[in-house]
$ cat coords.txt   # compact mmCIF, C-alpha atoms
# COMPACT_ATOMS: atom_id res chain seq x y z
CA MET A 25 -102.11 95.18 -62.43
CA GLY A 26 -100.05 96.87 -65.15
CA LYS A 27 -98.85 95.23 -68.37
CA VAL A 28 -95.51 95.01 -70.13
CA ASN A 29 -95.56 95.50 -73.88
CA ILE A 30 -93.39 93.12 -75.86
CA LEU A 31 -92.41 94.54 -79.25
CA HIS A 32 -93.26 92.97 -82.57
CA THR A 33 -92.19 89.44 -83.35
CA ARG A 34 -90.87 88.53 -86.75
CA TYR A 35 -94.48 87.82 -87.78
CA GLY A 36 -95.31 91.48 -87.04
CA ILE A 37 -97.71 90.65 -84.21
CA ALA A 38 -97.55 92.86 -81.09
CA TRP A 39 -98.64 91.31 -77.79
CA SER A 40 -98.50 91.96 -74.05
CA VAL A 41 -98.40 89.98 -70.76
CA PRO A 42 -99.35 90.90 -67.19
CA LEU A 43 -96.50 92.49 -65.26
CA TRP A 44 -96.59 89.85 -62.48
CA LEU A 45 -96.14 87.06 -65.00
CA PHE A 46 -93.26 88.86 -66.69
CA LEU A 47 -91.44 89.35 -63.40
CA THR A 48 -91.96 85.69 -62.47
CA VAL A 49 -90.42 84.59 -65.76
CA ILE A 50 -87.46 86.92 -65.27
CA GLY A 51 -86.89 85.44 -61.80
CA CYS A 52 -86.57 81.98 -63.37
CA THR A 53 -84.13 82.88 -66.13
CA PRO A 54 -81.00 80.74 -66.74
CA GLU A 55 -79.06 83.19 -64.48
CA GLN A 56 -80.37 81.33 -61.48
CA LYS A 57 -79.38 77.96 -62.90
CA HIS A 58 -75.76 79.09 -63.18
CA ALA A 59 -75.47 80.38 -59.62
CA PRO A 60 -72.47 78.74 -57.90
CA ASP A 61 -73.21 75.62 -55.90
CA VAL A 62 -71.38 76.37 -52.63
CA SER A 63 -71.60 72.77 -51.44
CA ALA A 64 -69.86 71.58 -54.59
CA GLN A 65 -66.94 74.02 -54.35
CA LYS A 66 -63.50 72.57 -53.72
CA PRO A 67 -61.80 73.45 -50.42
CA LEU A 68 -59.36 76.34 -50.43
CA GLN A 69 -55.87 74.93 -50.94
CA VAL A 70 -53.74 76.34 -48.14
CA VAL A 71 -50.08 75.79 -47.34
CA ALA A 72 -48.99 76.65 -43.80
CA THR A 73 -45.37 76.91 -42.77
CA PHE A 74 -45.42 74.84 -39.54
CA PHE A 75 -47.62 73.34 -36.84
CA PRO A 76 -49.15 76.28 -34.88
CA VAL A 77 -50.05 78.12 -38.09
CA ALA A 78 -51.40 74.96 -39.74
CA ASP A 79 -53.47 73.92 -36.74
CA VAL A 80 -55.12 77.32 -36.25
CA LEU A 81 -56.10 77.29 -39.92
CA ARG A 82 -57.34 73.72 -39.71
CA GLN A 83 -59.59 74.56 -36.80
CA VAL A 84 -60.90 77.86 -38.17
CA GLY A 85 -61.23 76.63 -41.77
CA GLY A 86 -62.90 73.28 -41.13
CA GLN A 87 -64.09 71.44 -44.23
CA HIS A 88 -63.76 74.54 -46.38
CA VAL A 89 -59.96 74.58 -46.18
CA SER A 90 -57.39 71.91 -47.07
CA VAL A 91 -54.24 72.61 -45.03
CA GLN A 92 -50.79 71.18 -45.67
CA ALA A 93 -47.71 72.07 -43.63
CA LEU A 94 -44.37 72.79 -45.28
CA LEU A 95 -42.30 71.64 -42.31
CA PRO A 96 -42.27 67.81 -42.28
CA PRO A 97 -42.96 65.92 -39.02
CA GLU A 98 -39.29 65.58 -38.09
CA GLY A 99 -38.21 68.92 -39.56
CA GLU A 100 -36.47 71.58 -37.48
CA LEU A 101 -37.83 75.08 -37.96
CA HIS A 102 -34.46 76.84 -37.78
CA THR A 103 -32.54 74.41 -40.01
CA PHE A 104 -35.20 73.23 -42.46
CA ALA A 105 -34.01 72.89 -46.08
CA PRO A 106 -36.97 72.54 -48.50
CA THR A 107 -37.07 69.77 -51.08
CA ALA A 108 -38.58 69.70 -54.57
CA ARG A 109 -41.74 68.25 -53.03
CA GLN A 110 -42.21 71.27 -50.78
CA MET A 111 -41.56 73.63 -53.69
CA LYS A 112 -44.34 71.95 -55.68
CA LEU A 113 -46.63 72.15 -52.68
CA LEU A 114 -46.01 75.88 -52.46
CA GLN A 115 -46.53 76.34 -56.18
CA ARG A 116 -49.98 74.67 -56.12
CA ALA A 117 -51.24 76.65 -53.12
CA ASP A 118 -54.06 79.18 -53.38
CA VAL A 119 -52.51 81.01 -50.44
CA VAL A 120 -49.61 80.56 -48.02
CA PHE A 121 -50.02 81.23 -44.31
CA ALA A 122 -46.90 81.99 -42.28
CA LEU A 123 -46.23 83.21 -38.78
CA GLY A 124 -43.92 86.08 -39.75
CA LEU A 125 -41.43 87.88 -37.45
CA GLY A 126 -38.58 86.00 -39.12
CA ALA A 127 -39.69 82.63 -37.75
CA GLU A 128 -39.53 80.95 -41.18
CA PRO A 129 -36.17 81.85 -42.74
CA PHE A 130 -36.71 79.30 -45.49
CA LEU A 131 -39.91 80.85 -46.86
CA ASP A 132 -38.43 83.89 -48.63
CA THR A 133 -35.93 81.66 -50.43
CA MET A 134 -38.71 79.33 -51.56
CA LEU A 135 -40.86 82.19 -52.82
CA ARG A 136 -37.98 83.69 -54.77
CA GLY A 137 -37.53 80.30 -56.39
CA LEU A 138 -41.07 80.50 -57.77
CA GLY A 139 -40.36 83.71 -59.68
CA ARG A 140 -43.35 85.93 -60.42
CA LYS A 141 -45.92 83.15 -60.10
CA ARG A 142 -45.92 83.10 -56.34
CA PRO A 143 -48.97 82.70 -54.09
CA ARG A 144 -50.20 85.35 -51.69
CA VAL A 145 -48.65 85.17 -48.19
CA VAL A 146 -50.63 85.96 -45.02
CA GLU A 147 -48.77 86.39 -41.71
CA LEU A 148 -50.69 85.38 -38.57
CA ALA A 149 -48.41 87.16 -36.07
CA LYS A 150 -49.69 90.59 -37.05
CA GLY A 151 -50.81 92.39 -33.91
CA CYS A 152 -49.39 89.80 -31.50
CA TRP A 153 -47.56 91.06 -28.43
CA VAL A 154 -43.87 90.33 -28.79
CA LEU A 155 -40.74 90.17 -26.68
CA PRO A 156 -37.39 91.56 -27.84
CA VAL A 157 -34.53 89.11 -28.13
CA ALA A 158 -33.31 87.65 -24.83
CA GLY A 159 -31.65 90.19 -22.59
CA GLU A 160 -34.15 93.02 -23.09
CA HIS A 161 -37.28 93.25 -20.96
CA GLU A 162 -39.67 95.49 -22.87
CA ARG A 163 -42.82 94.47 -24.68
CA HIS A 164 -43.44 95.75 -28.18
CA HIS A 165 -46.25 95.14 -30.62
CA ALA A 166 -45.71 93.73 -34.08
CA GLY A 167 -46.08 96.41 -36.72
CA GLU A 168 -45.74 99.35 -34.30
CA GLU A 169 -42.88 101.85 -34.56
CA HIS A 170 -40.96 101.99 -31.26
CA HIS A 171 -37.64 103.24 -32.51
CA HIS A 172 -36.13 104.52 -35.71
CA GLY A 173 -34.72 102.12 -38.27
CA ARG A 174 -35.79 99.90 -41.10
CA ARG A 175 -38.53 97.33 -40.62
CA GLY A 176 -36.12 94.43 -41.19
CA GLU A 177 -33.81 95.67 -38.43
CA GLN A 178 -36.71 95.89 -35.99
CA GLU A 179 -37.91 92.38 -36.76
CA LYS A 180 -34.44 90.91 -36.18
CA ALA A 181 -34.62 92.08 -32.56
CA VAL A 182 -37.88 90.21 -31.89
CA ASP A 183 -38.20 86.76 -30.33
CA PRO A 184 -40.44 85.01 -32.90
CA HIS A 185 -41.84 82.25 -30.62
CA VAL A 186 -45.10 84.16 -30.15
CA TRP A 187 -47.31 81.08 -30.63
CA LEU A 188 -46.39 79.83 -27.14
CA SER A 189 -48.45 82.69 -25.71
CA ILE A 190 -52.09 81.64 -25.43
CA GLU A 191 -53.08 85.28 -25.75
CA ASN A 192 -51.19 85.43 -29.04
CA ALA A 193 -52.84 82.21 -30.21
CA MET A 194 -56.16 84.03 -29.86
CA ARG A 195 -54.84 86.87 -32.01
CA MET A 196 -53.61 84.37 -34.59
CA THR A 197 -57.12 82.88 -34.60
CA GLN A 198 -58.64 86.28 -35.36
CA ASN A 199 -56.12 86.89 -38.15
CA ALA A 200 -56.85 83.48 -39.69
CA ARG A 201 -60.60 84.14 -39.53
CA ASP A 202 -60.29 87.54 -41.20
CA ALA A 203 -58.02 86.25 -43.96
CA LEU A 204 -60.26 83.25 -44.72
CA ILE A 205 -63.36 85.47 -44.86
CA GLU A 206 -61.60 87.73 -47.36
CA LEU A 207 -60.48 84.77 -49.47
CA ASP A 208 -63.76 82.86 -49.22
CA PRO A 209 -66.65 85.17 -48.22
CA ALA A 210 -69.25 82.51 -49.06
CA HIS A 211 -68.34 80.67 -45.84
CA ALA A 212 -67.81 83.73 -43.64
CA ASP A 213 -70.39 82.70 -41.03
CA ASP A 214 -68.77 79.30 -40.60
CA TYR A 215 -65.31 80.84 -40.18
CA ARG A 216 -66.65 83.23 -37.55
CA LEU A 217 -68.35 80.39 -35.67
CA ARG A 218 -65.24 78.21 -35.67
CA ALA A 219 -63.02 81.11 -34.62
CA ARG A 220 -65.34 81.87 -31.68
CA ARG A 221 -65.24 78.21 -30.65
CA LEU A 222 -61.45 78.06 -30.80
CA THR A 223 -61.10 81.37 -28.93
CA ALA A 224 -63.39 80.07 -26.16
CA GLU A 225 -61.25 76.94 -25.79
CA LEU A 226 -58.07 79.03 -25.65
CA GLN A 227 -59.60 81.25 -22.98
CA GLN A 228 -60.38 78.15 -20.91
CA LEU A 229 -56.79 76.97 -21.40
CA GLN A 230 -55.51 80.35 -20.23
CA VAL A 231 -57.61 80.06 -17.06
CA VAL A 232 -56.16 76.58 -16.39
CA LEU A 233 -52.60 77.89 -16.82
CA LYS A 234 -53.07 80.84 -14.46
CA THR A 235 -54.92 78.73 -11.88
CA ARG A 236 -52.24 76.02 -11.84
CA ALA A 237 -49.45 78.63 -11.72
CA LYS A 238 -50.71 80.01 -8.39
CA ALA A 239 -49.58 76.78 -6.69
CA TRP A 240 -46.06 76.72 -8.17
CA ARG A 241 -43.25 77.33 -5.71
CA GLN A 242 -40.47 77.38 -8.30
CA ARG A 243 -40.39 80.36 -10.69
CA LYS A 244 -37.04 80.11 -12.48
CA PHE A 245 -35.71 77.63 -15.02
CA ILE A 246 -33.02 76.97 -17.62
CA ALA A 247 -33.98 76.00 -21.17
CA ALA A 248 -32.12 73.83 -23.64
CA HIS A 249 -33.85 75.74 -26.45
CA GLY A 250 -34.76 79.42 -26.10
CA ALA A 251 -38.40 79.12 -27.11
CA TYR A 252 -40.28 79.29 -23.83
CA ARG A 253 -40.21 82.95 -22.79
CA TYR A 254 -43.75 83.72 -23.98
CA LEU A 255 -45.22 80.78 -22.11
CA ALA A 256 -43.07 81.65 -19.10
CA GLN A 257 -44.26 85.25 -19.00
CA GLU A 258 -47.93 84.27 -19.11
CA ALA A 259 -47.32 81.75 -16.33
CA GLY A 260 -45.30 84.14 -14.16
CA LEU A 261 -42.05 82.21 -14.70
CA GLU A 262 -38.56 83.34 -15.70
CA GLN A 263 -36.14 81.74 -18.14
CA VAL A 264 -32.79 82.74 -16.62
CA ALA A 265 -30.44 81.00 -19.09
CA VAL A 266 -30.45 78.94 -22.27
CA PHE A 267 -28.03 76.31 -23.56
CA GLU A 268 -28.00 77.50 -27.17
CA PRO A 269 -26.38 80.91 -27.80
CA LEU A 270 -28.39 80.92 -31.04
CA PRO A 271 -30.85 78.34 -32.46
CA GLY A 272 -28.89 75.27 -33.53
CA VAL A 273 -25.55 76.64 -32.25
CA GLU A 274 -23.59 74.50 -29.79
CA PRO A 275 -22.52 76.28 -26.58
CA SER A 276 -18.86 76.89 -25.86
CA ALA A 277 -17.18 75.76 -22.64
CA ARG A 278 -17.22 79.35 -21.38
CA TRP A 279 -20.92 79.66 -22.17
CA LEU A 280 -21.64 76.50 -20.15
CA ARG A 281 -19.58 77.71 -17.20
CA ASP A 282 -21.54 80.97 -17.17
CA LEU A 283 -24.83 79.06 -17.47
CA MET A 284 -24.01 76.85 -14.49
CA ARG A 285 -22.85 79.82 -12.44
CA THR A 286 -26.14 81.59 -13.21
CA ALA A 287 -28.17 78.49 -12.35
CA ARG A 288 -26.53 78.19 -8.93
CA HIS A 289 -26.79 81.90 -8.22
CA GLU A 290 -30.48 82.04 -9.16
CA GLY A 291 -31.34 78.82 -7.33
CA VAL A 292 -32.69 77.11 -10.46
CA LYS A 293 -34.23 73.71 -9.73
CA VAL A 294 -35.27 72.52 -13.22
CA ILE A 295 -34.16 72.40 -16.85
CA PHE A 296 -36.59 72.23 -19.77
CA ALA A 297 -35.68 70.52 -23.04
CA ALA A 298 -37.69 69.88 -26.21
CA PRO A 299 -39.08 66.42 -27.03
CA PRO A 300 -38.43 63.73 -28.04
CA ALA A 301 -35.39 63.70 -25.72
CA SER A 302 -32.86 65.99 -24.11
CA SER A 303 -29.28 65.97 -25.38
CA ARG A 304 -26.36 64.25 -23.66
CA LEU A 305 -24.90 67.67 -22.87
CA VAL A 306 -28.08 68.81 -21.10
CA GLU A 307 -28.16 65.61 -19.06
CA VAL A 308 -24.54 66.06 -17.98
CA VAL A 309 -25.13 69.66 -16.86
CA ALA A 310 -28.35 68.64 -15.07
CA ALA A 311 -26.48 65.90 -13.19
CA ASP A 312 -23.75 68.35 -12.21
CA LEU A 313 -26.35 70.83 -10.91
CA GLY A 314 -28.43 68.09 -9.31
CA VAL A 315 -31.66 69.15 -11.03
CA PRO A 316 -34.17 67.17 -13.15
CA VAL A 317 -34.83 67.62 -16.86
CA PHE A 318 -38.43 67.88 -18.08
CA LEU A 319 -39.54 67.81 -21.72
CA LEU A 320 -41.51 70.94 -22.67
CA ASP A 321 -42.95 71.04 -26.18
CA PRO A 322 -42.08 74.21 -28.17
CA LEU A 323 -44.79 73.19 -30.69
CA GLU A 324 -42.51 73.84 -33.65
CA ARG A 325 -42.77 70.44 -35.23
CA THR A 326 -45.78 69.13 -37.14
CA TRP A 327 -48.33 66.93 -35.33
CA ASN A 328 -46.66 64.46 -32.95
CA ARG A 329 -49.86 62.43 -32.97
CA ALA A 330 -52.46 62.32 -35.73
CA GLY A 331 -55.06 65.05 -35.30
CA GLU A 332 -53.59 66.42 -32.08
CA SER A 333 -54.50 70.08 -31.61
CA TYR A 334 -52.68 73.14 -30.35
CA GLN A 335 -54.88 73.06 -27.24
CA GLN A 336 -54.00 69.44 -26.46
CA ARG A 337 -50.27 70.02 -26.83
CA MET A 338 -50.40 73.19 -24.73
CA MET A 339 -52.40 71.38 -22.06
CA ARG A 340 -49.66 68.75 -21.90
CA ASN A 341 -47.14 71.60 -21.44
CA ILE A 342 -49.21 72.99 -18.57
CA GLU A 343 -49.22 69.55 -16.93
CA THR A 344 -45.43 69.34 -17.36
CA LEU A 345 -45.00 72.76 -15.75
CA ASP A 346 -47.30 71.65 -12.95
CA LYS A 347 -45.05 68.69 -12.17
CA ALA A 348 -41.79 70.61 -12.53
CA MET A 349 -42.54 73.85 -10.68
CA ARG A 350 -44.44 72.65 -7.58
$ encode --input "coords.txt" --output "C-alpha cells"
Amino acid sequence: MGKVNILHTRYGIAWSVPLWLFLTVIGCTPEQKHAPDVSAQKPLQVVATFFPVADVLRQVGGQHVSVQALLPPEGELHTFAPTARQMKLLQRADVVFALGLGAEPFLDTMLRGLGRKRPRVVELAKGCWVLPVAGEHERHHAGEEHHHGRRGEQEKAVDPHVWLSIENAMRMTQNARDALIELDPAHADDYRLRARRLTAELQQLQVVLKTRAKAWRQRKFIAAHGAYRYLAQEAGLEQVAVFEPLPGVEPSARWLRDLMRTARHEGVKVIFAAPPASSRLVEVVAADLGVPVFLLDPLERTWNRAGESYQQRMMRNIETLDKAMR
C-alpha cells in the first residue's frame, strides 16, 4: 500500500499516513455533511391556470409539488378577472403552468403586471393535436407550421379545448413530467413513475370511451358551450351547432333560428350544457325541439368536489354520453 506525504507542520515535523487511511478521511470530510437533505426540501411552489392543468400537475408531482389554481372554483375561464390575491399567488410561484393556445387570456395581462420579476411559464398543450376553430375540419399540431403567417395569427384559429381529448391529456402528462424533472431532477424517478401511472389510467379511460361509443345510436348533438369537439371526435360524435357565437356571447334571434333549423335538418336528439345547470334559453329551445338537455362537464372550473380527479370527471362525462346517445 502506498503512502501520502503530508508536508511540514508548523513544528517542522514531516510525517506520512497510509494511502487507504487518507482516502477514508477525505471521504468523511464536511462536504458530505452539507449534502442536501432531499426529504427536508420544501415542495416546488407551482401555480396552474385552471383545473385540467392543475390536476395533471397534482398527480404527476405528488408530495414534491404544491399546486394552486389561479381560476377560483366558480370562475369562468373566458371571463375571469384576476384579483390582488391571484396576483400575489402568481408572484410567489416558482413556476407557472398554463395550457397555452390562447386558453388563458388573463395570464399575459397578469404577467405584464409583475414587470421583470415574473416566474417561468410552461405550457402543457405543446405537441397536442388540435382542431381549427369551428367550421374547419382539418387537424393541425401545436407548434407546427401549416401555413404562412405569424404565430399569434395561427393560434387564434385553434380551438383551445384540447384537454377534453384523452389522447391530449396523455401528452399533457408527458409535458408535465418533463418540466418537473427539469425543475427538480432530484425527484425525477418519482415523476416518471407517477406519469406512467396516470398515463395507464388515461389509456384505460380511453378504452372505456371507445367501447361505450360502439353502442351509441345517436351521433349528433347541439352544445350550449362550444367546448366539446375534442371529446366528440374521440367518441365518433359530431357537434353540429352551438348556442354561443363566441364564448360568453349571447346568440341573436337569427342565430337561434339557424340553430333550430340545423337541429331539425340534422335530426339532432340531444343538447349538452355545462353544469351546474343549463340556461333558460337552452331549456326553451330544447322544449321547442322536443329534445332533452344533459349536463356535460367541460372541466374548465376548479374541482367541483374536493380531491376529484380529471379521470373521475371524464368518467362521469362518458356515463352522461352513454345515457344521452343510446
$ residues_around --input "coords.txt" --residues "A:Lys347" --least-positions-apart "2" --cutoff "12 Å" --atoms "all atoms listed in the file" --output "MDAnalysis selection string"
chainID A and resid 236:237 239:242 294 296 316:320 340:345 349:350
$ residues_near_point --input "coords.txt" --point "(-57.5, 75.0, -49.2)" --cutoff "7 Å" --atoms "only C-alpha atoms" --output "number ranges by chain"
A: 67-70, 88-91, 118
$ atom_distance --input "coords.txt" --atom1 "atom CA of A:Ala181" --atom2 "atom CA of A:Leu283"
22.2 Å
$ atom_distance --input "coords.txt" --atom1 "atom CA of A:Asp79" --atom2 "atom CA of A:Ser333"
6.5 Å
$ atom_distance --input "coords.txt" --atom1 "atom CA of A:Val145" --atom2 "atom CA of A:Leu255"
26.7 Å
$ closest_residue --input "coords.txt" --among "A:Leu305, A:Phe267, A:Lys238, A:Glu332" --to "A:Gly250" --atoms "all atoms listed in the file"
A:Phe267
$ residues_around --input "coords.txt" --residues "stretch 193-206 of chain A" --least-positions-apart "5" --cutoff "6 Å" --atoms "all atoms listed in the file" --output "number ranges by chain"
A: 148, 187, 212, 215, 223
$ closest_residue --input "coords.txt" --among "A:Met339, A:Val308, A:Ala72, A:Ala105" --to "A:Val119" --atoms "all atoms listed in the file"
A:Ala72
$ closest_residue --input "coords.txt" --among "A:Trp279, A:Trp153, A:Phe74, A:Phe245" --to "A:Glu100" --atoms "all atoms listed in the file"
A:Phe74
$ closest_residue --input "coords.txt" --among "A:Leu323, A:Ala259, A:Leu81, A:Leu188" --to "A:Glu147" --atoms "all atoms listed in the file"
A:Leu81
$ closest_residue --input "coords.txt" --among "A:Arg220, A:Arg109, A:Arg243, A:His249" --to "A:Ala297" --atoms "all atoms listed in the file"
A:His249
$ closest_residue --input "coords.txt" --among "A:Lys293, A:Thr133, A:Arg82, A:Ala122" --to "A:Ala310" --atoms "all atoms listed in the file"
A:Lys293
$ axis_aligned_box --input "coords.txt" --around "stretch 277-295 of chain A" --padding-each-side "5 Å" --output "JSON"
{"center_x": -26.2, "center_y": 77.2, "center_z": -15.0, "size_x": 28.1, "size_y": 19.6, "size_z": 25.3}
